[in-house]
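File shown here: work-v6.cif, holding mmCIF, C-alpha atoms, pLDDT in the B column; chains and numbers go by the auth columns.
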data_final
#
loop_
_atom_site.group_PDB
_atom_site.id
_atom_site.type_symbol
_atom_site.label_atom_id
_atom_site.label_comp_id
_atom_site.label_asym_id
_atom_site.label_seq_id
_atom_site.Cartn_x
_atom_site.Cartn_y
_atom_site.Cartn_z
_atom_site.B_iso_or_equiv
_atom_site.auth_seq_id
_atom_site.auth_asym_id
ATOM 1 C CA MET A 1 -13.613 21.990 -39.314 53.00 1 A
ATOM 2 C CA LYS A 2 -16.284 22.938 -36.799 58.00 2 A
ATOM 3 C CA LYS A 3 -16.922 19.235 -36.059 56.00 3 A
ATOM 4 C CA LEU A 4 -13.233 18.606 -35.420 51.00 4 A
ATOM 5 C CA GLY A 5 -13.106 21.517 -32.963 55.00 5 A
ATOM 6 C CA MET A 6 -16.205 20.228 -31.156 58.00 6 A
ATOM 7 C CA ILE A 7 -14.824 16.680 -30.954 59.00 7 A
ATOM 8 C CA THR A 8 -11.509 17.996 -29.612 55.00 8 A
ATOM 9 C CA MET A 9 -13.311 20.039 -26.947 56.00 9 A
ATOM 10 C CA VAL A 10 -15.430 17.037 -25.877 48.00 10 A
ATOM 11 C CA LEU A 11 -12.322 14.817 -25.640 47.00 11 A
ATOM 12 C CA MET A 12 -10.488 17.416 -23.552 53.00 12 A
ATOM 13 C CA LEU A 13 -13.467 17.693 -21.186 45.00 13 A
ATOM 14 C CA MET A 14 -13.590 13.896 -20.820 51.00 14 A
ATOM 15 C CA ILE A 15 -9.878 13.778 -20.036 51.00 15 A
ATOM 16 C CA SER A 16 -10.263 16.606 -17.504 48.00 16 A
ATOM 17 C CA PHE A 17 -13.166 14.888 -15.736 48.00 17 A
ATOM 18 C CA GLY A 18 -11.185 11.622 -15.676 48.00 18 A
ATOM 19 C CA SER A 19 -8.224 13.423 -14.082 46.00 19 A
ATOM 20 C CA ILE A 20 -10.484 15.085 -11.515 46.00 20 A
ATOM 21 C CA ALA A 21 -12.048 11.729 -10.592 47.00 21 A
ATOM 22 C CA GLN A 22 -8.592 10.106 -10.291 58.00 22 A
ATOM 23 C CA ASN A 23 -7.274 13.015 -8.199 74.00 23 A
ATOM 24 C CA LYS A 24 -10.306 12.757 -5.905 75.00 24 A
ATOM 25 C CA LYS A 25 -9.711 9.005 -5.466 81.00 25 A
ATOM 26 C CA ASP A 26 -5.994 9.566 -4.818 90.00 26 A
ATOM 27 C CA SER A 27 -6.802 12.327 -2.311 93.00 27 A
ATOM 28 C CA LYS A 28 -9.098 9.954 -0.399 96.00 28 A
ATOM 29 C CA VAL A 29 -6.448 7.203 -0.321 96.00 29 A
ATOM 30 C CA ILE A 30 -3.810 9.729 0.824 97.00 30 A
ATOM 31 C CA ALA A 31 -6.086 10.978 3.642 97.00 31 A
ATOM 32 C CA ASP A 32 -6.866 7.384 4.651 97.00 32 A
ATOM 33 C CA ALA A 33 -3.141 6.540 4.619 97.00 33 A
ATOM 34 C CA GLN A 34 -2.391 9.397 7.036 97.00 34 A
ATOM 35 C CA LYS A 35 -5.175 8.209 9.364 97.00 35 A
ATOM 36 C CA ALA A 36 -3.853 4.641 9.136 96.00 36 A
ATOM 37 C CA LYS A 37 -0.313 5.829 9.941 97.00 37 A
ATOM 38 C CA ASP A 38 -1.585 7.697 13.013 96.00 38 A
ATOM 39 C CA LYS A 39 -3.561 4.642 14.144 95.00 39 A
ATOM 40 C CA LEU A 40 -0.609 2.276 13.554 94.00 40 A
ATOM 41 C CA VAL A 41 1.707 4.457 15.674 94.00 41 A
ATOM 42 C CA GLU A 42 -1.004 4.853 18.318 94.00 42 A
ATOM 43 C CA LYS A 43 -1.349 1.061 18.599 92.00 43 A
ATOM 44 C CA ASP A 44 2.422 0.494 18.681 92.00 44 A
ATOM 45 C CA ASN A 45 4.686 3.528 19.049 91.00 45 A
ATOM 46 C CA GLY A 46 7.659 1.282 18.190 91.00 46 A
ATOM 47 C CA LEU A 47 6.599 1.845 14.571 95.00 47 A
ATOM 48 C CA THR A 48 7.736 5.476 14.899 95.00 48 A
ATOM 49 C CA GLU A 49 11.331 4.290 14.514 95.00 49 A
ATOM 50 C CA PHE A 50 10.457 2.439 11.295 96.00 50 A
ATOM 51 C CA PHE A 51 8.647 5.486 9.871 97.00 51 A
ATOM 52 C CA ASN A 52 11.578 7.761 10.788 96.00 52 A
ATOM 53 C CA GLU A 53 14.436 5.523 9.649 96.00 53 A
ATOM 54 C CA ALA A 54 13.110 3.638 6.603 97.00 54 A
ATOM 55 C CA ALA A 55 14.290 4.820 3.196 98.00 55 A
ATOM 56 C CA GLY A 56 10.681 4.520 2.108 98.00 56 A
ATOM 57 C CA TYR A 57 7.389 2.851 2.818 98.00 57 A
ATOM 58 C CA VAL A 58 3.977 2.101 1.359 98.00 58 A
ATOM 59 C CA ILE A 59 0.799 2.431 3.379 98.00 59 A
ATOM 60 C CA PHE A 60 -2.241 0.480 2.193 97.00 60 A
ATOM 61 C CA PRO A 61 -4.948 1.908 4.471 97.00 61 A
ATOM 62 C CA ASN A 62 -7.798 -0.350 3.316 94.00 62 A
ATOM 63 C CA VAL A 63 -6.906 -3.841 2.139 92.00 63 A
ATOM 64 C CA GLY A 64 -9.854 -6.158 1.702 86.00 64 A
ATOM 65 C CA LYS A 65 -9.114 -9.857 2.120 79.00 65 A
ATOM 66 C CA GLY A 66 -11.513 -12.714 1.742 77.00 66 A
ATOM 67 C CA GLY A 67 -11.855 -16.284 0.715 73.00 67 A
ATOM 68 C CA PHE A 68 -13.010 -19.795 1.192 74.00 68 A
ATOM 69 C CA ILE A 69 -10.337 -22.174 -0.110 69.00 69 A
ATOM 70 C CA ILE A 70 -9.639 -19.697 -2.963 75.00 70 A
ATOM 71 C CA GLY A 71 -8.934 -16.243 -1.599 75.00 71 A
ATOM 72 C CA GLY A 72 -7.769 -12.840 -2.584 80.00 72 A
ATOM 73 C CA ALA A 73 -6.829 -9.399 -1.394 84.00 73 A
ATOM 74 C CA SER A 74 -6.856 -5.979 -2.980 91.00 74 A
ATOM 75 C CA GLY A 75 -6.041 -2.437 -1.934 94.00 75 A
ATOM 76 C CA ASN A 76 -4.685 0.956 -2.960 97.00 76 A
ATOM 77 C CA GLY A 77 -1.831 2.678 -1.193 97.00 77 A
ATOM 78 C CA VAL A 78 0.491 5.643 -0.978 98.00 78 A
ATOM 79 C CA VAL A 79 4.256 5.395 -1.615 98.00 79 A
ATOM 80 C CA TYR A 80 6.640 7.541 0.452 98.00 80 A
ATOM 81 C CA ASP A 81 10.343 8.229 -0.066 97.00 81 A
ATOM 82 C CA ASN A 82 11.994 9.625 3.077 94.00 82 A
ATOM 83 C CA GLY A 83 8.560 10.643 4.371 95.00 83 A
ATOM 84 C CA ASN A 84 7.493 12.447 1.169 97.00 84 A
ATOM 85 C CA ILE A 85 4.665 11.187 -1.036 97.00 85 A
ATOM 86 C CA ILE A 86 6.015 10.149 -4.445 97.00 86 A
ATOM 87 C CA GLY A 87 3.184 8.081 -5.929 97.00 87 A
ATOM 88 C CA MET A 88 0.388 5.575 -5.594 97.00 88 A
ATOM 89 C CA ALA A 89 0.448 1.781 -5.404 97.00 89 A
ATOM 90 C CA ASP A 90 -1.907 -1.099 -6.014 94.00 90 A
ATOM 91 C CA LEU A 91 -1.887 -4.465 -4.212 93.00 91 A
ATOM 92 C CA LYS A 92 -3.367 -7.715 -5.519 89.00 92 A
ATOM 93 C CA LYS A 93 -3.226 -11.247 -4.174 84.00 93 A
ATOM 94 C CA VAL A 94 -4.881 -14.481 -5.221 76.00 94 A
ATOM 95 C CA ASP A 95 -4.187 -17.739 -3.437 70.00 95 A
ATOM 96 C CA VAL A 96 -5.474 -21.235 -2.868 66.00 96 A
ATOM 97 C CA GLY A 97 -5.247 -23.040 0.450 66.00 97 A
ATOM 98 C CA LEU A 98 -6.739 -23.406 3.884 64.00 98 A
ATOM 99 C CA GLN A 99 -8.542 -20.135 4.570 69.00 99 A
ATOM 100 C CA ALA A 100 -12.009 -18.914 5.414 68.00 100 A
ATOM 101 C CA GLY A 101 -13.577 -15.554 6.156 73.00 101 A
ATOM 102 C CA GLY A 102 -13.127 -11.929 5.286 77.00 102 A
ATOM 103 C CA GLN A 103 -11.159 -9.082 6.783 82.00 103 A
ATOM 104 C CA ALA A 104 -10.239 -5.442 6.312 86.00 104 A
ATOM 105 C CA ILE A 105 -6.689 -4.509 7.291 90.00 105 A
ATOM 106 C CA ALA A 106 -4.242 -1.639 7.067 93.00 106 A
ATOM 107 C CA GLU A 107 -0.834 -2.778 5.830 93.00 107 A
ATOM 108 C CA VAL A 108 2.475 -0.935 5.780 96.00 108 A
ATOM 109 C CA ILE A 109 5.618 -2.122 4.014 96.00 109 A
ATOM 110 C CA PHE A 110 8.915 -0.532 5.066 96.00 110 A
ATOM 111 C CA PHE A 111 11.980 -0.512 2.797 97.00 111 A
ATOM 112 C CA LYS A 112 15.319 -0.376 4.603 97.00 112 A
ATOM 113 C CA THR A 113 17.403 1.114 1.772 97.00 113 A
ATOM 114 C CA GLU A 114 16.858 3.237 -1.337 97.00 114 A
ATOM 115 C CA GLU A 115 17.723 0.128 -3.386 96.00 115 A
ATOM 116 C CA ASP A 116 14.918 -1.834 -1.698 95.00 116 A
ATOM 117 C CA LEU A 117 12.480 1.008 -2.423 96.00 117 A
ATOM 118 C CA GLN A 118 13.711 1.233 -6.027 96.00 118 A
ATOM 119 C CA GLU A 119 13.044 -2.482 -6.509 94.00 119 A
ATOM 120 C CA PHE A 120 9.428 -1.835 -5.490 95.00 120 A
ATOM 121 C CA LYS A 121 9.149 1.184 -7.814 96.00 121 A
ATOM 122 C CA ASP A 122 10.648 -0.810 -10.720 94.00 122 A
ATOM 123 C CA GLY A 123 7.939 -3.439 -10.352 88.00 123 A
ATOM 124 C CA ASP A 124 10.413 -6.168 -9.385 75.00 124 A
ATOM 125 C CA PHE A 125 8.981 -6.587 -5.893 81.00 125 A
ATOM 126 C CA GLU A 126 6.952 -9.579 -4.780 76.00 126 A
ATOM 127 C CA PHE A 127 6.730 -11.400 -1.482 73.00 127 A
ATOM 128 C CA SER A 128 7.851 -15.002 -1.336 63.00 128 A
ATOM 129 C CA ALA A 129 5.155 -17.577 -0.614 57.00 129 A
ATOM 130 C CA GLN A 130 6.089 -17.914 3.059 57.00 130 A
ATOM 131 C CA ALA A 131 6.244 -14.187 3.849 69.00 131 A
ATOM 132 C CA SER A 132 4.082 -12.907 6.676 72.00 132 A
ATOM 133 C CA ALA A 133 3.298 -9.637 8.375 79.00 133 A
ATOM 134 C CA VAL A 134 3.816 -8.687 12.008 80.00 134 A
ATOM 135 C CA ALA A 135 0.458 -8.017 13.637 80.00 135 A
ATOM 136 C CA VAL A 136 0.376 -4.502 15.090 83.00 136 A
ATOM 137 C CA LYS A 137 0.103 -4.790 18.874 76.00 137 A
ATOM 138 C CA SER A 138 1.650 -2.681 21.571 64.00 138 A
ATOM 139 C CA GLY A 139 5.379 -3.387 21.851 69.00 139 A
ATOM 140 C CA LYS A 140 5.693 -5.857 18.934 75.00 140 A
ATOM 141 C CA ALA A 141 7.474 -3.406 16.593 81.00 141 A
ATOM 142 C CA LYS A 142 10.461 -3.000 18.936 79.00 142 A
ATOM 143 C CA ASN A 143 11.470 -6.637 18.279 82.00 143 A
ATOM 144 C CA ALA A 144 10.628 -6.685 14.568 87.00 144 A
ATOM 145 C CA LYS A 145 13.474 -6.867 12.059 90.00 145 A
ATOM 146 C CA TYR A 146 13.880 -6.245 8.359 92.00 146 A
ATOM 147 C CA ARG A 147 14.012 -9.394 6.252 89.00 147 A
ATOM 148 C CA ASP A 148 15.669 -9.013 2.850 89.00 148 A
ATOM 149 C CA GLY A 149 15.405 -5.228 3.256 92.00 149 A
ATOM 150 C CA VAL A 150 11.677 -5.264 3.999 93.00 150 A
ATOM 151 C CA ALA A 151 9.491 -5.188 7.136 92.00 151 A
ATOM 152 C CA VAL A 152 5.714 -5.619 6.944 92.00 152 A
ATOM 153 C CA PHE A 153 3.082 -4.779 9.548 91.00 153 A
ATOM 154 C CA ALA A 154 -0.655 -5.404 9.376 89.00 154 A
ATOM 155 C CA MET A 155 -3.402 -3.996 11.564 89.00 155 A
ATOM 156 C CA PRO A 156 -6.836 -5.661 11.465 85.00 156 A
ATOM 157 C CA LYS A 157 -9.657 -3.160 11.093 82.00 157 A
ATOM 158 C CA ALA A 158 -12.731 -5.389 10.800 65.00 158 A
ATOM 159 C CA GLY A 159 -13.722 -8.985 10.186 58.00 159 A
ATOM 160 C CA LEU A 160 -12.081 -12.287 10.942 56.00 160 A
ATOM 161 C CA MET A 161 -9.999 -14.467 8.706 52.00 161 A
ATOM 162 C CA ALA A 162 -8.000 -17.585 9.448 50.00 162 A
ATOM 163 C CA GLU A 163 -4.950 -16.641 7.349 51.00 163 A
ATOM 164 C CA ALA A 164 -2.099 -14.186 8.012 53.00 164 A
ATOM 165 C CA SER A 165 0.298 -14.465 5.088 58.00 165 A
ATOM 166 C CA VAL A 166 1.309 -11.719 2.684 68.00 166 A
ATOM 167 C CA GLY A 167 3.104 -14.141 0.374 61.00 167 A
ATOM 168 C CA GLY A 168 2.195 -13.888 -3.276 73.00 168 A
ATOM 169 C CA GLN A 169 1.113 -10.255 -3.127 82.00 169 A
ATOM 170 C CA LYS A 170 1.846 -8.373 -6.353 87.00 170 A
ATOM 171 C CA PHE A 171 2.211 -4.626 -6.590 91.00 171 A
ATOM 172 C CA SER A 172 2.130 -1.848 -9.122 93.00 172 A
ATOM 173 C CA TYR A 173 3.510 1.669 -8.680 96.00 173 A
ATOM 174 C CA GLU A 174 2.406 4.882 -10.361 95.00 174 A
ATOM 175 C CA PRO A 175 4.628 7.947 -9.707 95.00 175 A
ATOM 176 C CA PHE A 176 3.178 11.446 -9.516 88.00 176 A
#
Could the structure of this file be written out as structure tokens, please?
Amino acid sequence: MKKLGMITMVLMLMISFGSIAQNKKDSKVIADAQKAKDKLVEKDNGLTEFFNEAAGYVIFPNVGKGGFIIGGASGNGVVYDNGNIIGMADLKKVDVGLQAGGQAIAEVIFFKTEEDLQEFKDGDFEFSAQASAVAVKSGKAKNAKYRDGVAVFAMPKAGLMAEASVGGQKFSYEPF
């Protein structure tokens, strides 16, 4: 009986430490997402309208992209519904084609309606192969439009890569 109690206590401690580590990681991604949002709006204040009017959005503050013929991208993000944090997201992309280099970007995906956001949360969301993001530059957001209920913006942070598509990205969503 004593052994069972000790094993239970050890398992509970392991679960607690795992939760603390996950919460710390989530907290860092959330802080980075807020900084990325501020920087995105600073670079192009036309994004303010998207942030204010979208039913929801996902900010991936640190997406790493790289490749030479075969490439990939990965990042963690924060999901917002009407400006309130509702969960975390994960982005993955693998592709083959003409590409070379590496790059770090911040990416934000805006959802025009609650239905568009729900599609993302349900795991039914994926960009078509030809989808691309609008590069964040002063004044570009004013002319950007939603396409199939979605608008995507990317802001290079570091590096150089000869490829600008977001097609083929796959996402997962974890609510709080």
Residue neighbourhood Ala151 in chain A, 12 Å, only C-alpha atoms, exclusion window fewer than 6 positions, as a list in words: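 So the residues in contact are Leu47, Phe50, Phe51, Ala54, Ala55, Gly56, Tyr57, Val58, Glu107, Val108, Ile109, Phe110, Phe111, Lys112, Thr113, Asp116, Leu117, Phe127, Ala131, Ser132, Ala133, Val134, Ala135, Ala141, Asn143, Ala144, Lys145 and Val166 of chain A.
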I'd like to know which of A:Asn45, A:Asn62, A:Asn52, A:Ser172 is closest to Asn82 in chain A, using all atoms listed in the file.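 Among the listed residues, A:Asn52 lies closest to Asn82 in chain A.
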Could you list, as a ChimeraX atom specification, every residue matched by the PyMOL selection byres ((chain A and resi 92) around 10) in this structure? /A:63-65,72-76,90-91,93-94,168-172
Using all atoms listed in the file, which of the listed residues (A:Lys142, A:Ala106, A:Ala36, A:Asp26) sits closest to Thr48 in chain A?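 Using all atoms listed in the file, the shortest distance to Thr48 in chain A belongs to A:Lys142.
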Mind pulling up the distance from CA of Phe60 in chain A to CA of Ile105 in chain A?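 CA of Phe60 in chain A lies 8.4 Å from CA of Ile105 in chain A.
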Rounded to one decimal in Å, what is the spacing between CA of Gly46 in chain A and CA of Asp124 in chain A?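 For CA of Gly46 in chain A relative to CA of Asp124 in chain A, the distance reads 28.7 Å.
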Identify which of the residues A:Gly101, A:Pro61, A:Gly87, A:Gly123 lies closest to Glu174 in chain A, counting all atoms listed in the file when measuring atom-to-atom distances.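 Using all atoms listed in the file, the shortest distance to Glu174 in chain A belongs to A:Gly87.
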Could you jot down the CA of Gln34 in chain A to CA of Phe125 in chain A separation for me, Å, one decimal place?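 It comes out at 23.5 Å.
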Determine the nearest neighbour of Tyr146 in chain A from the options A:Glu53, A:Glu119, A:Asp44, A:Asp95, counting all atoms listed in the file. A:Glu53
Ground truth for the PyMOL selection byres ((chain A and resi 79) around 7), written as a ChimeraX atom specification: /A:57-59,77-78,80-81,85-89
Residue nearest Glu126 in chain A among A:Phe176, A:Gly66, A:Ala104, A:Asp148 (counting all atoms listed in the file):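 That would be A:Asp148, the residue with the smallest distance to Glu126 in chain A.
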Pick from A:Lys137, A:Lys157, A:Arg147, A:Lys121, whichever lies nearest to Gln103 in chain A using only C-alpha atoms: A:Lys157
For range 65-76 of chain A, supply all heavy atoms and report the output as a PDB file, keeping the file's coordinate frame.
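Generated output (part-v3.pdb):
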ATOM      1  N   LYS A  65      -9.545  -8.471   2.321  1.00 79.00           N
ATOM      2  CA  LYS A  65      -9.114  -9.857   2.120  1.00 79.00           C
ATOM      3  C   LYS A  65     -10.328 -10.749   2.333  1.00 79.00           C
ATOM      4  O   LYS A  65     -11.146 -10.495   3.205  1.00 79.00           O
ATOM      5  CB  LYS A  65      -8.058 -10.244   3.161  1.00 79.00           C
ATOM      6  CG  LYS A  65      -6.773  -9.459   3.085  1.00 79.00           C
ATOM      7  CD  LYS A  65      -5.850  -9.746   4.253  1.00 79.00           C
ATOM      8  CE  LYS A  65      -5.368 -11.166   4.222  1.00 79.00           C
ATOM      9  NZ  LYS A  65      -4.331 -11.443   5.212  1.00 79.00           N
ATOM     10  N   GLY A  66     -10.412 -11.787   1.540  1.00 77.00           N
ATOM     11  CA  GLY A  66     -11.513 -12.714   1.742  1.00 77.00           C
ATOM     12  C   GLY A  66     -11.277 -14.004   0.988  1.00 77.00           C
ATOM     13  O   GLY A  66     -10.497 -14.051   0.044  1.00 77.00           O
ATOM     14  N   GLY A  67     -11.971 -15.038   1.441  1.00 73.00           N
ATOM     15  CA  GLY A  67     -11.855 -16.284   0.715  1.00 73.00           C
ATOM     16  C   GLY A  67     -12.428 -17.465   1.449  1.00 73.00           C
ATOM     17  O   GLY A  67     -12.671 -17.429   2.650  1.00 73.00           O
ATOM     18  N   PHE A  68     -12.655 -18.482   0.681  1.00 74.00           N
ATOM     19  CA  PHE A  68     -13.010 -19.795   1.192  1.00 74.00           C
ATOM     20  C   PHE A  68     -12.332 -20.773   0.256  1.00 74.00           C
ATOM     21  O   PHE A  68     -12.763 -20.949  -0.885  1.00 74.00           O
ATOM     22  CB  PHE A  68     -14.535 -20.003   1.215  1.00 74.00           C
ATOM     23  CG  PHE A  68     -14.919 -21.318   1.812  1.00 74.00           C
ATOM     24  CD1 PHE A  68     -14.830 -21.512   3.173  1.00 74.00           C
ATOM     25  CD2 PHE A  68     -15.330 -22.367   1.006  1.00 74.00           C
ATOM     26  CE1 PHE A  68     -15.168 -22.733   3.742  1.00 74.00           C
ATOM     27  CE2 PHE A  68     -15.671 -23.591   1.558  1.00 74.00           C
ATOM     28  CZ  PHE A  68     -15.592 -23.776   2.930  1.00 74.00           C
ATOM     29  N   ILE A  69     -11.250 -21.357   0.666  1.00 69.00           N
ATOM     30  CA  ILE A  69     -10.337 -22.174  -0.110  1.00 69.00           C
ATOM     31  C   ILE A  69      -9.566 -21.279  -1.102  1.00 69.00           C
ATOM     32  O   ILE A  69      -8.374 -21.125  -0.993  1.00 69.00           O
ATOM     33  CB  ILE A  69     -11.030 -23.347  -0.860  1.00 69.00           C
ATOM     34  CG1 ILE A  69     -11.935 -24.147   0.080  1.00 69.00           C
ATOM     35  CG2 ILE A  69      -9.977 -24.233  -1.536  1.00 69.00           C
ATOM     36  CD1 ILE A  69     -11.259 -24.812   1.242  1.00 69.00           C
ATOM     37  N   ILE A  70     -10.266 -20.663  -2.074  1.00 75.00           N
ATOM     38  CA  ILE A  70      -9.639 -19.697  -2.963  1.00 75.00           C
ATOM     39  C   ILE A  70      -9.878 -18.316  -2.371  1.00 75.00           C
ATOM     40  O   ILE A  70     -10.998 -17.968  -2.029  1.00 75.00           O
ATOM     41  CB  ILE A  70     -10.226 -19.762  -4.388  1.00 75.00           C
ATOM     42  CG1 ILE A  70      -9.934 -21.127  -5.005  1.00 75.00           C
ATOM     43  CG2 ILE A  70      -9.662 -18.650  -5.251  1.00 75.00           C
ATOM     44  CD1 ILE A  70     -10.591 -21.356  -6.342  1.00 75.00           C
ATOM     45  N   GLY A  71      -8.804 -17.557  -2.231  1.00 75.00           N
ATOM     46  CA  GLY A  71      -8.934 -16.243  -1.599  1.00 75.00           C
ATOM     47  C   GLY A  71      -8.238 -15.167  -2.385  1.00 75.00           C
ATOM     48  O   GLY A  71      -7.554 -15.427  -3.375  1.00 75.00           O
ATOM     49  N   GLY A  72      -8.411 -13.960  -1.925  1.00 80.00           N
ATOM     50  CA  GLY A  72      -7.769 -12.840  -2.584  1.00 80.00           C
ATOM     51  C   GLY A  72      -7.712 -11.633  -1.684  1.00 80.00           C
ATOM     52  O   GLY A  72      -8.335 -11.593  -0.622  1.00 80.00           O
ATOM     53  N   ALA A  73      -6.952 -10.663  -2.110  1.00 84.00           N
ATOM     54  CA  ALA A  73      -6.829  -9.399  -1.394  1.00 84.00           C
ATOM     55  C   ALA A  73      -6.590  -8.303  -2.419  1.00 84.00           C
ATOM     56  O   ALA A  73      -6.022  -8.550  -3.490  1.00 84.00           O
ATOM     57  CB  ALA A  73      -5.670  -9.448  -0.392  1.00 84.00           C
ATOM     58  N   SER A  74      -7.024  -7.106  -2.082  1.00 91.00           N
ATOM     59  CA  SER A  74      -6.856  -5.979  -2.980  1.00 91.00           C
ATOM     60  C   SER A  74      -6.847  -4.695  -2.165  1.00 91.00           C
ATOM     61  O   SER A  74      -7.545  -4.588  -1.155  1.00 91.00           O
ATOM     62  CB  SER A  74      -8.016  -5.960  -3.985  1.00 91.00           C
ATOM     63  OG  SER A  74      -7.904  -4.862  -4.847  1.00 91.00           O
ATOM     64  N   GLY A  75      -6.063  -3.730  -2.612  1.00 94.00           N
ATOM     65  CA  GLY A  75      -6.041  -2.437  -1.934  1.00 94.00           C
ATOM     66  C   GLY A  75      -5.214  -1.416  -2.694  1.00 94.00           C
ATOM     67  O   GLY A  75      -4.406  -1.769  -3.550  1.00 94.00           O
ATOM     68  N   ASN A  76      -5.445  -0.158  -2.394  1.00 97.00           N
ATOM     69  CA  ASN A  76      -4.685   0.956  -2.960  1.00 97.00           C
ATOM     70  C   ASN A  76      -3.866   1.591  -1.852  1.00 97.00           C
ATOM     71  O   ASN A  76      -4.303   1.628  -0.700  1.00 97.00           O
ATOM     72  CB  ASN A  76      -5.624   1.999  -3.575  1.00 97.00           C
ATOM     73  CG  ASN A  76      -6.411   1.429  -4.730  1.00 97.00           C
ATOM     74  OD1 ASN A  76      -5.837   0.866  -5.646  1.00 97.00           O
ATOM     75  ND2 ASN A  76      -7.722   1.553  -4.678  1.00 97.00           N
TER      76      ASN A  76
END
